[in-house]
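input.pdb follows; it contains PDB, C-alpha atoms.
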ATOM      1  CA  MET A 284       5.558  -0.472  21.966
ATOM      2  CA  THR A 285       2.353   0.249  20.028
ATOM      3  CA  HIS A 286      -0.396   2.622  21.149
ATOM      4  CA  ARG A 287      -2.619  -0.362  21.790
ATOM      5  CA  PHE A 288      -0.071  -2.352  23.794
ATOM      6  CA  ALA A 289       0.546   0.629  26.043
ATOM      7  CA  MET A 290      -3.199   1.084  26.475
ATOM      8  CA  LEU A 291      -3.598  -2.503  27.659
ATOM      9  CA  ALA A 292      -0.436  -2.875  29.717
ATOM     10  CA  ALA A 293      -2.366  -2.798  32.980
ATOM     11  CA  LEU A 294      -4.944  -5.327  31.776
ATOM     12  CA  ALA A 295      -2.848  -7.840  29.863
ATOM     13  CA  GLY A 296      -2.654 -11.184  31.553
ATOM     14  CA  ALA A 297      -5.567 -10.501  33.847
ATOM     15  CA  LEU A 298      -7.724 -13.150  32.224
ATOM     16  CA  ALA A 299      -6.802 -16.483  30.634
ATOM     17  CA  VAL A 300      -7.633 -17.485  27.099
ATOM     18  CA  SER A 301     -10.637 -19.746  26.790
ATOM     19  CA  GLY A 302      -8.999 -22.328  24.560
ATOM     20  CA  PRO A 303      -9.016 -23.338  20.926
ATOM     21  CA  ALA A 304     -12.001 -22.245  18.894
ATOM     22  CA  SER A 305     -11.747 -25.484  16.926
ATOM     23  CA  ALA A 306     -13.587 -27.066  19.854
ATOM     24  CA  ARG A 307     -16.527 -24.694  19.430
ATOM     25  CA  GLU A 308     -19.600 -26.256  17.877
ATOM     26  CA  VAL A 309     -21.001 -24.480  14.838
ATOM     27  CA  ALA A 310     -24.500 -25.127  13.530
ATOM     28  CA  ASP A 311     -24.673 -27.169  10.338
ATOM     29  CA  THR A 312     -26.248 -24.234   8.519
ATOM     30  CA  LEU A 313     -23.334 -21.920   9.326
ATOM     31  CA  GLU A 314     -19.753 -21.678   8.061
ATOM     32  CA  VAL A 315     -16.451 -20.440   9.497
ATOM     33  CA  ALA A 316     -13.867 -18.115   7.985
ATOM     34  CA  THR A 317     -10.578 -16.876   9.456
ATOM     35  CA  PHE A 318      -8.809 -13.638   8.578
ATOM     36  CA  ALA A 319      -5.873 -11.648   9.949
ATOM     37  CA  GLY A 320      -5.688  -7.931   9.361
ATOM     38  CA  GLY A 321      -3.580  -6.382  12.085
ATOM     39  CA  CYS A 322      -5.539  -5.256  15.137
ATOM     40  CA  PHE A 323      -8.234  -7.848  15.750
ATOM     41  CA  TRP A 324     -10.447  -5.231  17.407
ATOM     42  CA  CYS A 325     -10.682  -3.412  14.099
ATOM     43  CA  MET A 326     -11.346  -6.576  12.124
ATOM     44  CA  GLU A 327     -14.136  -7.558  14.508
ATOM     45  CA  GLU A 328     -15.780  -4.206  13.918
ATOM     46  CA  ALA A 329     -15.436  -4.527  10.143
ATOM     47  CA  PHE A 330     -16.982  -7.984   9.910
ATOM     48  CA  ASP A 331     -19.692  -7.341  12.497
ATOM     49  CA  GLU A 332     -21.077  -4.734  10.096
ATOM     50  CA  VAL A 333     -21.550  -7.293   7.303
ATOM     51  CA  PRO A 334     -25.118  -8.657   7.115
ATOM     52  CA  GLY A 335     -25.078 -12.418   7.504
ATOM     53  CA  VAL A 336     -22.170 -12.501   9.941
ATOM     54  CA  VAL A 337     -23.409 -14.258  13.064
ATOM     55  CA  SER A 338     -20.389 -13.674  15.312
ATOM     56  CA  THR A 339     -16.743 -12.652  15.354
ATOM     57  CA  THR A 340     -14.066 -13.788  17.792
ATOM     58  CA  SER A 341     -10.642 -12.247  18.302
ATOM     59  CA  GLY A 342      -7.784 -14.691  18.700
ATOM     60  CA  TYR A 343      -4.388 -16.007  17.704
ATOM     61  CA  THR A 344      -3.440 -18.519  15.024
ATOM     62  CA  GLY A 345      -0.508 -19.867  13.060
ATOM     63  CA  GLY A 346       1.928 -20.199  15.945
ATOM     64  CA  ARG A 347       3.823 -22.817  17.896
ATOM     65  CA  LEU A 348       2.494 -22.458  21.451
ATOM     66  CA  GLU A 349      -0.729 -23.795  22.873
ATOM     67  CA  SER A 350      -2.983 -21.332  24.690
ATOM     68  CA  PRO A 351      -0.856 -18.280  23.848
ATOM     69  CA  THR A 352      -1.383 -15.074  25.787
ATOM     70  CA  TYR A 353      -1.567 -11.541  24.448
ATOM     71  CA  GLU A 354       1.828 -10.706  25.960
ATOM     72  CA  GLN A 355       3.442 -13.716  24.281
ATOM     73  CA  VAL A 356       1.944 -13.023  20.881
ATOM     74  CA  SER A 357       2.691  -9.295  21.099
ATOM     75  CA  GLY A 358       6.365 -10.138  21.562
ATOM     76  CA  GLY A 359       6.424 -11.462  18.016
ATOM     77  CA  ASP A 360       8.321 -14.659  18.817
ATOM     78  CA  THR A 361       5.568 -17.284  18.955
ATOM     79  CA  GLY A 362       4.690 -17.347  15.265
ATOM     80  CA  HIS A 363       1.080 -16.427  16.030
ATOM     81  CA  VAL A 364      -0.853 -13.752  14.199
ATOM     82  CA  GLU A 365      -3.726 -11.713  15.593
ATOM     83  CA  ALA A 366      -6.802 -12.890  13.718
ATOM     84  CA  VAL A 367     -10.583 -13.052  13.770
ATOM     85  CA  GLN A 368     -12.767 -16.084  13.367
ATOM     86  CA  VAL A 369     -15.994 -15.238  11.569
ATOM     87  CA  ILE A 370     -19.086 -17.412  11.794
ATOM     88  CA  PHE A 371     -21.492 -16.580   8.998
ATOM     89  CA  ASP A 372     -24.710 -17.712   7.375
ATOM     90  CA  PRO A 373     -23.963 -18.624   3.735
ATOM     91  CA  ALA A 374     -27.656 -18.248   2.935
ATOM     92  CA  VAL A 375     -27.261 -14.528   3.658
ATOM     93  CA  VAL A 376     -23.631 -13.688   2.867
ATOM     94  CA  SER A 377     -21.166 -15.510   0.631
ATOM     95  CA  TYR A 378     -17.538 -16.243   1.406
ATOM     96  CA  ALA A 379     -16.685 -14.123  -1.648
ATOM     97  CA  ARG A 380     -18.446 -11.170  -0.006
ATOM     98  CA  LEU A 381     -16.422 -11.703   3.160
ATOM     99  CA  LEU A 382     -13.262 -11.614   1.064
ATOM    100  CA  ASP A 383     -14.336  -8.249  -0.366
ATOM    101  CA  ALA A 384     -14.869  -6.957   3.165
ATOM    102  CA  PHE A 385     -11.471  -8.277   4.209
ATOM    103  CA  TRP A 386      -9.508  -6.640   1.391
ATOM    104  CA  ARG A 387     -11.104  -3.255   2.003
ATOM    105  CA  ASN A 388     -10.148  -3.310   5.657
ATOM    106  CA  VAL A 389      -6.457  -4.131   5.292
ATOM    107  CA  ASP A 390      -3.399  -2.696   3.592
ATOM    108  CA  PRO A 391      -2.408  -5.612   1.318
ATOM    109  CA  THR A 392       0.724  -3.771   0.188
ATOM    110  CA  ASP A 393       2.296  -4.013   3.664
ATOM    111  CA  ASP A 394       3.896  -7.325   4.635
ATOM    112  CA  GLY A 395       5.589  -5.942   7.748
ATOM    113  CA  GLY A 396       2.477  -5.406   9.845
ATOM    114  CA  GLN A 397      -0.633  -3.265   9.547
ATOM    115  CA  PHE A 398      -0.738   0.479  10.059
ATOM    116  CA  CYS A 399       0.956   1.426  13.367
ATOM    117  CA  ASP A 400       1.160  -2.187  14.552
ATOM    118  CA  ARG A 401       4.430  -3.608  13.290
ATOM    119  CA  GLY A 402       5.810  -7.115  13.269
ATOM    120  CA  PRO A 403       4.867 -10.601  12.050
ATOM    121  CA  GLN A 404       2.096 -10.874  14.630
ATOM    122  CA  TYR A 405       0.175  -8.100  12.857
ATOM    123  CA  VAL A 406       0.416  -9.095   9.193
ATOM    124  CA  SER A 407      -2.616  -9.610   6.971
ATOM    125  CA  VAL A 408      -3.470 -13.195   5.990
ATOM    126  CA  VAL A 409      -6.398 -15.072   4.492
ATOM    127  CA  TYR A 410      -6.584 -18.421   6.309
ATOM    128  CA  VAL A 411      -8.528 -20.937   4.233
ATOM    129  CA  ARG A 412     -10.288 -23.911   5.777
ATOM    130  CA  ASN A 413     -10.959 -26.003   2.665
ATOM    131  CA  GLU A 414     -10.276 -26.148  -1.061
ATOM    132  CA  ARG A 415     -13.374 -24.150  -1.927
ATOM    133  CA  GLN A 416     -12.249 -21.263   0.266
ATOM    134  CA  ARG A 417      -8.755 -21.496  -1.206
ATOM    135  CA  ARG A 418     -10.087 -21.345  -4.751
ATOM    136  CA  LEU A 419     -12.272 -18.335  -4.010
ATOM    137  CA  ALA A 420      -9.516 -16.561  -2.072
ATOM    138  CA  GLU A 421      -6.968 -17.035  -4.853
ATOM    139  CA  ALA A 422      -9.452 -15.820  -7.470
ATOM    140  CA  SER A 423     -10.269 -12.791  -5.335
ATOM    141  CA  LYS A 424      -6.599 -11.958  -4.856
ATOM    142  CA  GLU A 425      -5.872 -12.317  -8.576
ATOM    143  CA  ALA A 426      -8.812 -10.085  -9.504
ATOM    144  CA  LEU A 427      -7.654  -7.465  -7.026
ATOM    145  CA  ALA A 428      -4.104  -7.567  -8.385
ATOM    146  CA  GLU A 429      -5.407  -6.968 -11.898
ATOM    147  CA  ALA A 430      -7.707  -4.141 -10.852
ATOM    148  CA  ARG A 431      -5.393  -2.190  -8.565
ATOM    149  CA  PRO A 432      -2.111  -0.396  -9.326
ATOM    150  CA  PHE A 433      -0.335  -1.750  -6.251
ATOM    151  CA  PRO A 434       1.145  -5.107  -5.214
ATOM    152  CA  ILE A 435      -1.016  -7.530  -3.224
ATOM    153  CA  LEU A 436       1.364  -9.079  -0.697
ATOM    154  CA  THR A 437      -1.187 -10.702   1.611
ATOM    155  CA  PRO A 438      -0.649 -14.498   1.647
ATOM    156  CA  ILE A 439      -3.299 -17.201   1.515
ATOM    157  CA  LEU A 440      -2.500 -19.949   4.023
ATOM    158  CA  ALA A 441      -4.132 -23.090   5.371
ATOM    159  CA  ALA A 442      -5.985 -22.485   8.626
ATOM    160  CA  THR A 443      -4.508 -23.972  11.787
ATOM    161  CA  THR A 444      -5.699 -24.020  15.406
ATOM    162  CA  PHE A 445      -7.382 -20.768  16.390
ATOM    163  CA  TRP A 446      -7.005 -19.790  20.035
ATOM    164  CA  ASP A 447      -9.551 -17.362  21.496
ATOM    165  CA  ALA A 448      -7.979 -14.180  22.821
ATOM    166  CA  GLU A 449      -8.552 -13.080  26.395
ATOM    167  CA  SER A 450     -12.125 -12.018  27.160
ATOM    168  CA  TYR A 451     -11.219  -8.336  27.542
ATOM    169  CA  HIS A 452     -10.293  -8.296  23.850
ATOM    170  CA  GLN A 453     -13.658  -9.611  22.684
ATOM    171  CA  ASP A 454     -15.946  -6.840  21.362
ATOM    172  CA  TYR A 455     -13.408  -4.295  22.602
ATOM    173  CA  TYR A 456     -14.642  -1.640  20.178
ATOM    174  CA  ARG A 457     -18.109  -1.881  21.709
ATOM    175  CA  LYS A 458     -17.099  -2.155  25.348
ATOM    176  CA  ASN A 459     -14.478   0.632  25.203
ATOM    177  CA  PRO A 460     -15.590   2.952  22.378
ATOM    178  CA  VAL A 461     -13.608   6.036  23.438
ATOM    179  CA  ARG A 462     -10.315   4.192  23.910
ATOM    180  CA  TYR A 463     -10.935   2.243  20.707
ATOM    181  CA  ARG A 464     -11.558   5.348  18.606
ATOM    182  CA  PHE A 465      -8.457   6.985  20.083
ATOM    183  CA  TYR A 466      -6.339   3.959  19.171
ATOM    184  CA  LYS A 467      -7.799   3.603  15.669
ATOM    185  CA  PHE A 468      -7.327   7.294  14.832
ATOM    186  CA  ASN A 469      -3.778   7.457  16.175
ATOM    187  CA  CYS A 470      -2.855   4.250  14.391
ATOM    188  CA  GLY A 471      -3.740   5.887  11.046
ATOM    189  CA  ARG A 472      -5.902   2.979   9.980
ATOM    190  CA  LYS A 473      -8.833   4.892   8.503
ATOM    191  CA  ALA A 474      -6.611   7.400   6.715
ATOM    192  CA  ARG A 475      -4.595   4.655   5.028
ATOM    193  CA  LEU A 476      -7.703   2.681   4.077
ATOM    194  CA  ASP A 477      -9.198   5.824   2.532
ATOM    195  CA  ASP A 478      -5.995   6.316   0.546
ATOM    196  CA  LEU A 479      -6.144   2.761  -0.773
ATOM    197  CA  TRP A 480      -9.852   2.217  -1.310
ATOM    198  CA  GLY A 481     -11.488   5.628  -1.192
ATOM    199  CA  HIS A 482     -14.593   5.445   0.974
ATOM    200  CA  ALA A 483     -15.602   1.992  -0.265
ATOM    201  CA  GLY A 484     -14.383   0.219   2.854
ATOM    202  CA  VAL A 485     -16.851  -1.694   4.966
TER     203      VAL A 485
END

In structure tokens, how does this file's structure come out?
Amino acid sequence: MTHRFAMLAALAGALAVSGPASAREVADTLEVATFAGGCFWCMEEAFDEVPGVVSTTSGYTGGRLESPTYEQVSGGDTGHVEAVQVIFDPAVVSYARLLDAFWRNVDPTDDGGQFCDRGPQYVSVVYVRNERQRRLAEASKEALAEARPFPILTPILAATTFWDAESYHQDYYRKNPVRYRFYKFNCGRKARLDDLWGHAGV
């Protein structure tokens, strides 16, 4: 059981998921990107700090069940991955910039989970929504592999239905800052990111 799962044991299941984010309307001037990087709380925080990001939503994607719950996904048997859906303004921030932010907030050398969260539900993934995103993601991954002395194991996959996580997960780092900082420190996330990227992370 991870630090985070234990922290939420009393809350899990209290609220239902709100449904697939694919049903959410997005303004014509905005675009959508989907990334998985272990704990979706941490990925929300990372992308919220990027100018041009309009919103982030924690959720689950890539699995077999409809309307999965946190308990189901945490068990590792549904095929879902914890992920974030990022709505951004391409007039302010490019998809390539979001990719840079993604890489510097994950451990791309670890294909068994991320930091203290282990299992297929916590792996890092770039989920692409069209051929343009795929092309940019593959170029970004190749450039990173050439520039860094470690293997880049993070896959690039086609996006599938994204299910919003329960409401108590949304903006968790803002609503529960003390518990969030405790989890993040004990999970070793910042220390590992500093080892990989120095202090260049977002």

Next item on the list: Any chance you could resolve the PyMOL selection byres ((chain A and resi 374-391) around 7) against this file and give the residues as a ChimeraX atom specification?
Entry: /A:320,334-335,372-373,392-393,397,407,419-420,435-437,476,480,484-485

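Going from CA of Gly471 (chain A) to CA of Gly402 (chain A) covers 16.3 Å.
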
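Candidate residues A:Phe445, A:Arg472, A:Asp311, A:Val369 were compared for distance to Cys399 (chain A), and the nearest is A:Arg472, using only C-alpha atoms.
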
Selection: 9 Å around Glu365 (chain A), all atoms listed in the file, excl. self and same-chain fewer than 3 positions, as an mmCIF file with C-alpha atoms, in the frame of the given file:
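The new file out21.cif reads:
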data_model
loop_
_atom_site.group_PDB
_atom_site.id
_atom_site.type_symbol
_atom_site.label_atom_id
_atom_site.label_comp_id
_atom_site.auth_asym_id
_atom_site.auth_seq_id
_atom_site.Cartn_x
_atom_site.Cartn_y
_atom_site.Cartn_z
ATOM 1 C CA PHE A 318 -8.809 -13.638 8.578
ATOM 2 C CA ALA A 319 -5.873 -11.648 9.949
ATOM 3 C CA GLY A 320 -5.688 -7.931 9.361
ATOM 4 C CA GLY A 321 -3.580 -6.382 12.085
ATOM 5 C CA CYS A 322 -5.539 -5.256 15.137
ATOM 6 C CA PHE A 323 -8.234 -7.848 15.750
ATOM 7 C CA SER A 341 -10.642 -12.247 18.302
ATOM 8 C CA GLY A 342 -7.784 -14.691 18.700
ATOM 9 C CA TYR A 343 -4.388 -16.007 17.704
ATOM 10 C CA THR A 344 -3.440 -18.519 15.024
ATOM 11 C CA VAL A 356 1.944 -13.023 20.881
ATOM 12 C CA SER A 357 2.691 -9.295 21.099
ATOM 13 C CA GLN A 404 2.096 -10.874 14.630
ATOM 14 C CA TYR A 405 0.175 -8.100 12.857
ATOM 15 C CA VAL A 406 0.416 -9.095 9.193
ATOM 16 C CA SER A 407 -2.616 -9.610 6.971
ATOM 17 C CA ALA A 448 -7.979 -14.180 22.821
#

Report the centre and edge lengths, in Å to one decimal, of an axis-aligned box enclosing every atom of region 347-358 of chain A listed in the file, padded by 3 Å on each side, as AutoDock Vina command-line options.
--center_x 1.7 --center_y -16.5 --center_z 21.9 --size_x 15.3 --size_y 20.5 --size_z 14.1

Counting all atoms listed in the file, the residue among A:Tyr353, A:Leu479, A:Thr317, A:Glu327 that lies closest to Arg431 (chain A) is A:Leu479

Apply the PyMOL selection byres ((chain A and resi 345) around 8) to the displayed file and report the matching residues as a PDB file with C-alpha atoms, in the coordinates of the input.
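Output (selection-v6.pdb):
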ATOM      1  CA  TYR A 343      -4.388 -16.007  17.704  1.00  0.00           C
ATOM      2  CA  THR A 344      -3.440 -18.519  15.024  1.00  0.00           C
ATOM      3  CA  GLY A 346       1.928 -20.199  15.945  1.00  0.00           C
ATOM      4  CA  ARG A 347       3.823 -22.817  17.896  1.00  0.00           C
ATOM      5  CA  GLY A 362       4.690 -17.347  15.265  1.00  0.00           C
ATOM      6  CA  HIS A 363       1.080 -16.427  16.030  1.00  0.00           C
ATOM      7  CA  VAL A 364      -0.853 -13.752  14.199  1.00  0.00           C
ATOM      8  CA  ALA A 442      -5.985 -22.485   8.626  1.00  0.00           C
ATOM      9  CA  THR A 443      -4.508 -23.972  11.787  1.00  0.00           C
ATOM     10  CA  THR A 444      -5.699 -24.020  15.406  1.00  0.00           C
ATOM     11  CA  PHE A 445      -7.382 -20.768  16.390  1.00  0.00           C
TER      12      PHE A 445
END

Excluding Val309 (chain A) and any residue of its chain fewer than 3 positions from it, enumerate the residues within 8 Å of it, using only C-alpha atoms, and give them as a PyMOL selection string.
-> chain A and resi 313-314+370

With C-alpha atoms kept, could you save the residues just selected as a PDB file, keeping the file's coordinate frame?
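The resulting file, part05.pdb, is reproduced below:
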ATOM      1  CA  LEU A 313     -23.334 -21.920   9.326  1.00  0.00           C
ATOM      2  CA  GLU A 314     -19.753 -21.678   8.061  1.00  0.00           C
ATOM      3  CA  ILE A 370     -19.086 -17.412  11.794  1.00  0.00           C
TER       4      ILE A 370
END

re CA of Met326 (chain A) and CA of Val367 (chain A): distance 6.7 Å

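Near Arg457 (chain A), within 9 Å and counting all atoms listed in the file, sit Glu328, Gln453 and Tyr463 of chain A; same-chain residues fewer than 4 positions away were not included.
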
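Here CA of Phe371 (chain A) stands at a distance of 5.1 Å from CA of Val337 (chain A).
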